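Participant: Could you have a look at this structure, given as structure tokens, before my questions?
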Amino acid sequence: MTFMEHIALAGVLVSLVTAGSVHRRAAIDGCLANSSVPVDTKGSSTWNADIKPFNPRLTYTPVAVAVPTTIAQIQAAVICAQLSGVKVTAKSGGHSYASFGLGGEDGHLMIELDRMFNVTVNSTTNIAIVQPGARLGHVTNQLYSQGGRAISAGTCPGVGVSGHSLHGGYGMSSHKYGLATDWIIGMTVVLANGTIVHTSTTEKSDLFWALRGAGSNFGIVAQYEFDTFAAPSQVTYFNMNFRWNTTTAPGNLAALENYTKTFMPADLTMRAFVSSGSSYFEGMFFGNATGLKAALQPLQDKTGLVLASTTTTTFLKAFSHYSNAATDPTTPYSFQQTFYSKSLMLKGLNGTAAKNFVNYWYKVGPTNRRGWWFQLDLHGGAFSGVTNGDHSLSSYAHRDKLYLIQFYDQVYSGSYPSDGYPFLDNFVSNTTAGMALSDWGMYINYADNRLSQTAAQSAYYGSSLPRLQKLKAAYDPGLTLTNPQGILPVA
Ligand code: ABL
């Protein structure tokens with residue numbers, strides 16, 4: 001569309017828009033058609049697939065679904081949303097726990113990015129060009145097959161690269177290599193006003209900072225440049241079962257905290273997994289079983305944990321060991337789980353907080369007959385790549401947190417019960433009861449849709465929030481790119 005055509009169209013649209021949402025829909029449909037942006041028609045099978053959320057607890061209906069295959073089409077779609085007075089949301093993998101890829105509410109223009117999933121590694125620079133709808137399994141497989149490369153990222157293969165890496169991106173390489181966001185070195189971005197910019201540490205560095213941690217609020221990344229590292233030649237994954245109780249758990253948690261803060265080497269990434277049926281530590285070690293044993297010994301000495309199994313294999317096979325679905329998905333895609341989830345990022349878990357946490361786990365936990373579990377990732381620590389990443393280069397606010405806990409309460413058939421929520425709400429509130437606000441936060445990649453917008457902003461963005469609010473005022477004062485937990489502008 002030329003500039004003059006935009007102006008002409010804008011005139012038509014202003015009168016349409018004032019007549020309300022039916023006309024907003026006509027306006028956006030008309031604009032997308034005039035701009036040759038590919039769409040999926042409401043009610044078609046592709047539309048139904050596009051709007052199928054990972055978490056069916058939260059379903060929303062967009063006003064239109066654009067399915068671009070080029071950066072110019074993403075731009076044209078954003079301009080149409082602006083002209084039609086419609087909010088716009090990009091969906092990469094669609095795994096947001098709050099269905100933010102659908103907008104987190106009805107009526108957004110959804111830009112379905114999953115047709116754009118190419119990954120190309122430059123064999124001289126080892127920099128990867130990644131399209132924004134690539135899923136982590138595809139990224140991992142492609143980087144590995146194109147020269148044995150990798151980025152730090154999660155192991156759920158269906159998760160989209162965009163939401164994951166624009167809001168942190170923790171995974172089984174993080175203790176050595178930090179977050180997925182740390183590997184982004186450049187981005188081509190469509191801003192809320194429809195302009196295309198390129199950002200890096202030296203171009204619009206404030207935008208680069210904001211996108212690396214709070215990305216969905218600041219633009220639609222249309223293409224990434226990721227730096228990569230050589231995938232380790234040998235990876236050992238392992239399990240250590242444990243059975244603690246209300247008496248032993250607080251002391252063992254204290255030992256775990258001490259270990260993470262002082263000894264746990266970078267080559268080891270590990271988490272505790274606890275469900276009603278089992279509890280174990282699991283993780284990846286970049287090296288062989290002998291190295292792993294040396295890395296774990298100080299913790300075992302203090303806690304009596306026993307290594308139950310080790311498997312030494314390739315990086316790719318270790319990745320698929322921790323995959324929860326087909327390991328190289330592109331599109332179409334339909335994986336779903338029905339659940340409620342919350343998170344806690346903690347500087348530590350000791351004293352009264354540890355006792356409260358342990359009491360809830362062992363006393364209230366067994367009263368929940370659904371498939372609940374928590375994962376406690378040893379996110380920070382003396383040798384953690386997350387802790388030791390450059391704090392000034394990203395808005396990710398939790399580098400000072402030792403633990404990342406994900407709480408998950410799932411049903412395997414039917415819908416999530418409306419009286420189910422207090423179970424996890426109380427798990428979290430009991431744990432934080434005596435803590436200073438600055439000692440904990442939450443992770444937006446495990447979004448809790450039931451937080452108020454105010455609570456969500458401070459829990460997700462912590463000390464980065466004031467600067468993010470100012471940048472929101474600069475880049476998207478009209479809240480074109482937002483959702484019910486989006487950052488609100490402060491001039
Ligand atoms: C995550 O962030 C975790 O790291 C995964 O382990 C977790 O996967 C997903 N998110 C959930 O959205 C789950 C599987 O989907 C479940 O089937 C499994 O029971 C659970 O992990 C525990 O292993």
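Going by the structure tokens order, chains are called A, B, ..., each with residues numbered from 1, while ligands are numbered from 1 in the order shown.
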Residues of stretch 196-242 of chain A classed as strand (DSSP E or B) by DSSP on the backbone are to be reported as a ChimeraX atom specification.
Facilitator: /A:196-199,220-226,229-230,235-241
Participant: Within 7 Å of ligand 1, which residues of chain A show up? Give each one with its shortest atom-to-atom distance in Å (one decimal) and the two atoms involved, counting only C-alpha atoms and all ligand atoms, rows by chain then rising residue number, as CSV.
Facilitator:
residue,atom,partner,partner_atom_place_in_ligand_line,distance
A:Gly154,CA,ligand 1,4 (O),7.0
A:Thr155,CA,ligand 1,4 (O),6.8
A:Cys156,CA,ligand 1,5 (C),6.2
A:Asn324,CA,ligand 1,15 (O),5.1
Participant: Output N, CA, C and O atoms for every residue in the selection just made, as a compact mmCIF listing (two decimals), in the first residue's frame.
Facilitator:
# COMPACT_ATOMS: atom_id res chain seq x y z
N GLY A 154 14.83 -23.79 26.37
CA GLY A 154 14.03 -24.82 27.03
C GLY A 154 13.93 -26.10 26.22
O GLY A 154 14.31 -26.14 25.04
N THR A 155 13.41 -27.15 26.85
CA THR A 155 13.37 -28.46 26.22
C THR A 155 11.95 -28.88 25.80
O THR A 155 11.75 -30.01 25.40
N CYS A 156 10.96 -28.00 25.95
CA CYS A 156 9.63 -28.32 25.42
C CYS A 156 9.65 -27.95 23.94
O CYS A 156 9.69 -26.76 23.59
N ASN A 324 8.71 -33.00 25.96
CA ASN A 324 7.42 -33.53 26.39
C ASN A 324 6.51 -33.84 25.20
O ASN A 324 5.32 -34.08 25.39
Participant: List as a count of residues only the protein and nucleic acid residues near A:Tyr333, meaning an atom at most 10 Å away when only C-alpha atoms are counted, but skip any in the same chain fewer than 6 places from it.
Facilitator: 8
Participant: Using only C-alpha atoms, which residues sit within 12 Å of A:Gly283 once same-chain residues fewer than 5 positions away are excluded, as JSON, numbers by chain?
Facilitator: {"A": [155, 171, 172, 173, 174, 175, 235, 236, 237, 238, 239, 240, 267, 268, 269, 270, 271, 272, 273, 292, 296, 307, 309, 310, 311, 312, 318, 319, 321, 322, 375, 376, 377, 378]}
Participant: Store the residues picked out above in a file with N, CA and C atoms, as a JSON list (two decimals), in the first residue's frame.
Facilitator:
[["chain", "number", "residue", "atom", "x", "y", "z"],
["A", 155, "THR", "N", 13.41, -27.15, 26.85],
["A", 155, "THR", "CA", 13.37, -28.46, 26.22],
["A", 155, "THR", "C", 11.95, -28.88, 25.80],
["A", 171, "GLY", "N", 16.49, -23.01, 30.50],
["A", 171, "GLY", "CA", 16.48, -24.39, 30.03],
["A", 171, "GLY", "C", 17.62, -25.19, 30.61],
["A", 172, "MET", "N", 17.83, -26.37, 30.07],
["A", 172, "MET", "CA", 18.79, -27.33, 30.62],
["A", 172, "MET", "C", 20.26, -27.00, 30.31],
["A", 173, "SER", "N", 20.50, -25.87, 29.63],
["A", 173, "SER", "CA", 21.88, -25.41, 29.45],
["A", 173, "SER", "C", 22.14, -24.13, 30.22],
["A", 174, "SER", "N", 21.13, -23.67, 30.98],
["A", 174, "SER", "CA", 21.19, -22.31, 31.53],
["A", 174, "SER", "C", 22.26, -22.09, 32.58],
["A", 175, "HIS", "N", 22.61, -23.15, 33.30],
["A", 175, "HIS", "CA", 23.60, -22.91, 34.35],
["A", 175, "HIS", "C", 24.95, -22.56, 33.75],
["A", 235, "VAL", "N", 26.96, -35.33, 26.81],
["A", 235, "VAL", "CA", 26.05, -34.84, 27.85],
["A", 235, "VAL", "C", 25.59, -36.04, 28.68],
["A", 236, "THR", "N", 25.59, -35.87, 29.99],
["A", 236, "THR", "CA", 25.08, -36.94, 30.86],
["A", 236, "THR", "C", 23.82, -36.45, 31.54],
["A", 237, "TYR", "N", 22.71, -37.14, 31.30],
["A", 237, "TYR", "CA", 21.50, -36.79, 32.05],
["A", 237, "TYR", "C", 21.28, -37.83, 33.14],
["A", 238, "PHE", "N", 20.58, -37.45, 34.18],
["A", 238, "PHE", "CA", 20.59, -38.29, 35.39],
["A", 238, "PHE", "C", 19.34, -38.08, 36.24],
["A", 239, "ASN", "N", 19.19, -38.96, 37.19],
["A", 239, "ASN", "CA", 18.11, -38.91, 38.18],
["A", 239, "ASN", "C", 18.65, -39.24, 39.57],
["A", 240, "MET", "N", 18.19, -38.50, 40.56],
["A", 240, "MET", "CA", 18.47, -38.86, 41.97],
["A", 240, "MET", "C", 17.11, -38.84, 42.69],
["A", 267, "ASP", "N", 28.78, -26.47, 34.46],
["A", 267, "ASP", "CA", 28.42, -27.56, 33.55],
["A", 267, "ASP", "C", 27.19, -28.36, 33.99],
["A", 268, "LEU", "N", 26.73, -28.12, 35.19],
["A", 268, "LEU", "CA", 25.58, -28.86, 35.72],
["A", 268, "LEU", "C", 24.36, -27.96, 35.77],
["A", 269, "THR", "N", 23.27, -28.39, 35.13],
["A", 269, "THR", "CA", 21.98, -27.71, 35.25],
["A", 269, "THR", "C", 21.02, -28.73, 35.85],
["A", 270, "MET", "N", 20.30, -28.33, 36.89],
["A", 270, "MET", "CA", 19.56, -29.34, 37.65],
["A", 270, "MET", "C", 18.30, -28.75, 38.26],
["A", 271, "ARG", "N", 17.30, -29.61, 38.45],
["A", 271, "ARG", "CA", 16.08, -29.17, 39.13],
["A", 271, "ARG", "C", 15.55, -30.31, 39.99],
["A", 272, "ALA", "N", 14.77, -29.95, 40.99],
["A", 272, "ALA", "CA", 14.01, -30.94, 41.73],
["A", 272, "ALA", "C", 12.65, -31.03, 41.07],
["A", 273, "PHE", "N", 12.16, -32.25, 40.91],
["A", 273, "PHE", "CA", 10.80, -32.45, 40.41],
["A", 273, "PHE", "C", 10.02, -33.19, 41.49],
["A", 292, "LEU", "N", 30.18, -35.85, 36.45],
["A", 292, "LEU", "CA", 28.90, -35.58, 37.12],
["A", 292, "LEU", "C", 28.98, -35.98, 38.59],
["A", 296, "LEU", "N", 28.31, -33.64, 41.92],
["A", 296, "LEU", "CA", 27.19, -33.85, 42.86],
["A", 296, "LEU", "C", 27.64, -34.23, 44.27],
["A", 307, "LEU", "N", 22.53, -41.21, 43.51],
["A", 307, "LEU", "CA", 22.33, -41.16, 42.06],
["A", 307, "LEU", "C", 21.65, -42.45, 41.61],
["A", 309, "SER", "N", 20.32, -43.03, 38.27],
["A", 309, "SER", "CA", 20.66, -43.41, 36.90],
["A", 309, "SER", "C", 21.44, -42.29, 36.21],
["A", 310, "THR", "N", 22.33, -42.69, 35.32],
["A", 310, "THR", "CA", 23.03, -41.71, 34.48],
["A", 310, "THR", "C", 23.05, -42.25, 33.05],
["A", 311, "THR", "N", 22.91, -41.37, 32.07],
["A", 311, "THR", "CA", 23.02, -41.77, 30.67],
["A", 311, "THR", "C", 23.88, -40.73, 29.97],
["A", 312, "THR", "N", 24.98, -41.20, 29.40],
["A", 312, "THR", "CA", 25.87, -40.29, 28.67],
["A", 312, "THR", "C", 25.59, -40.43, 27.19],
["A", 318, "ALA", "N", 19.97, -35.91, 24.61],
["A", 318, "ALA", "CA", 19.65, -35.42, 25.96],
["A", 318, "ALA", "C", 18.48, -34.43, 25.88],
["A", 319, "PHE", "N", 18.49, -33.61, 24.82],
["A", 319, "PHE", "CA", 17.35, -32.69, 24.61],
["A", 319, "PHE", "C", 16.06, -33.50, 24.48],
["A", 321, "HIS", "N", 15.39, -36.37, 25.57],
["A", 321, "HIS", "CA", 15.03, -37.00, 26.85],
["A", 321, "HIS", "C", 14.12, -36.08, 27.67],
["A", 322, "TYR", "N", 14.36, -34.78, 27.60],
["A", 322, "TYR", "CA", 13.56, -33.83, 28.38],
["A", 322, "TYR", "C", 12.41, -33.20, 27.58],
["A", 375, "GLN", "N", 8.33, -27.95, 39.88],
["A", 375, "GLN", "CA", 9.73, -28.08, 39.49],
["A", 375, "GLN", "C", 10.47, -26.94, 40.14],
["A", 376, "LEU", "N", 11.56, -27.26, 40.80],
["A", 376, "LEU", "CA", 12.38, -26.23, 41.42],
["A", 376, "LEU", "C", 13.72, -26.21, 40.70],
["A", 377, "ASP", "N", 13.87, -25.23, 39.83],
["A", 377, "ASP", "CA", 15.11, -25.11, 39.04],
["A", 377, "ASP", "C", 16.16, -24.35, 39.83],
["A", 378, "LEU", "N", 17.39, -24.85, 39.80],
["A", 378, "LEU", "CA", 18.50, -24.14, 40.46],
["A", 378, "LEU", "C", 19.01, -23.09, 39.46]]
Participant: Hey, what's within 12 Å of A:Gly304 if we count only C-alpha atoms and toss same-chain stuff fewer than 5 positions away? As a list in words, please?
Facilitator: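 The contact residues come out as Met240, Asn241, Phe242, Arg243, Trp244, Thr248, Ala249, Gly251, Asn252, Ala255, Leu256, Leu296, Gln297, Pro298 and Leu299 of chain A.
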Participant: So which residues touch A:Tyr362 within 9 Å, counting only C-alpha atoms, skipping near sequence neighbours fewer than 5 positions away, as a ChimeraX atom specification?
Facilitator: /A:245-246,357
Participant: Write the residues you've just listed into a file as a PDB file, in the first residue's frame, and include all heavy atoms for each of them.
Facilitator:
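So the final result, stored in result-v4.pdb, reads:
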ATOM      1  N   ASN A 245      10.733 -35.545  54.357  1.00  0.00           N
ATOM      2  CA  ASN A 245       9.491 -35.336  55.104  1.00  0.00           C
ATOM      3  C   ASN A 245       9.580 -33.982  55.796  1.00  0.00           C
ATOM      4  O   ASN A 245      10.575 -33.259  55.646  1.00  0.00           O
ATOM      5  CB  ASN A 245       9.247 -36.489  56.095  1.00  0.00           C
ATOM      6  CG  ASN A 245      10.420 -36.665  57.042  1.00  0.00           C
ATOM      7  OD1 ASN A 245      10.945 -35.682  57.587  1.00  0.00           O
ATOM      8  ND2 ASN A 245      10.858 -37.909  57.234  1.00  0.00           N
ATOM      9  N   THR A 246       8.557 -33.638  56.567  1.00  0.00           N
ATOM     10  CA  THR A 246       8.527 -32.296  57.150  1.00  0.00           C
ATOM     11  C   THR A 246       9.698 -32.061  58.108  1.00  0.00           C
ATOM     12  O   THR A 246      10.101 -30.927  58.322  1.00  0.00           O
ATOM     13  CB  THR A 246       7.203 -32.047  57.905  1.00  0.00           C
ATOM     14  OG1 THR A 246       6.926 -33.193  58.694  1.00  0.00           O
ATOM     15  CG2 THR A 246       6.065 -31.792  56.946  1.00  0.00           C
ATOM     16  N   PHE A 357       6.758 -23.711  53.195  1.00  0.00           N
ATOM     17  CA  PHE A 357       6.743 -24.397  51.891  1.00  0.00           C
ATOM     18  C   PHE A 357       6.657 -25.913  52.090  1.00  0.00           C
ATOM     19  O   PHE A 357       5.827 -26.609  51.491  1.00  0.00           O
ATOM     20  CB  PHE A 357       8.027 -24.016  51.134  1.00  0.00           C
ATOM     21  CG  PHE A 357       8.200 -24.656  49.788  1.00  0.00           C
ATOM     22  CD1 PHE A 357       7.572 -24.125  48.662  1.00  0.00           C
ATOM     23  CD2 PHE A 357       9.013 -25.771  49.629  1.00  0.00           C
ATOM     24  CE1 PHE A 357       7.748 -24.708  47.410  1.00  0.00           C
ATOM     25  CE2 PHE A 357       9.188 -26.358  48.385  1.00  0.00           C
ATOM     26  CZ  PHE A 357       8.561 -25.825  47.273  1.00  0.00           C
TER      27      PHE A 357
END
Participant: Which of stretch 179-262 of chain A end up as helix (DSSP H, G or I) when DSSP is run on this backbone - answer as a PyMOL selection string?
Facilitator: chain A and resi 180-183+205-217+249-262
Participant: Which neighbours of A:Lys401 fall inside 12 Å, counting only C-alpha atoms, when residues of the same chain fewer than 2 positions from it are skipped, and could you give them as JSON, numbers by chain?
Facilitator: {"A": [257, 260, 261, 344, 345, 346, 347, 348, 349, 377, 378, 379, 380, 381, 382, 384, 386, 387, 388, 396, 397, 398, 399, 403, 404, 405, 438, 439, 440, 441, 442, 443, 462]}
Participant: Atom CA of A:Met110 and atom CA of A:Ser413 are how many Å apart?
Facilitator: 28.0 Å
Participant: Nearest to A:Gly434 among A:Arg450, A:Asn350, A:Val221, A:His391, with distances taken over only C-alpha atoms: which residue is it?
Facilitator: A:Asn350
Participant: Which residue out of A:Ala455, A:Thr352, A:Val411, A:Gly420 has the minimum interatomic distance to A:Thr367 when only C-alpha atoms are used?
Facilitator: A:Gly420
Participant: Atom CA of A:Phe208 to atom CA of A:Gln142: how many Å, to one decimal?
Facilitator: 25.2 Å
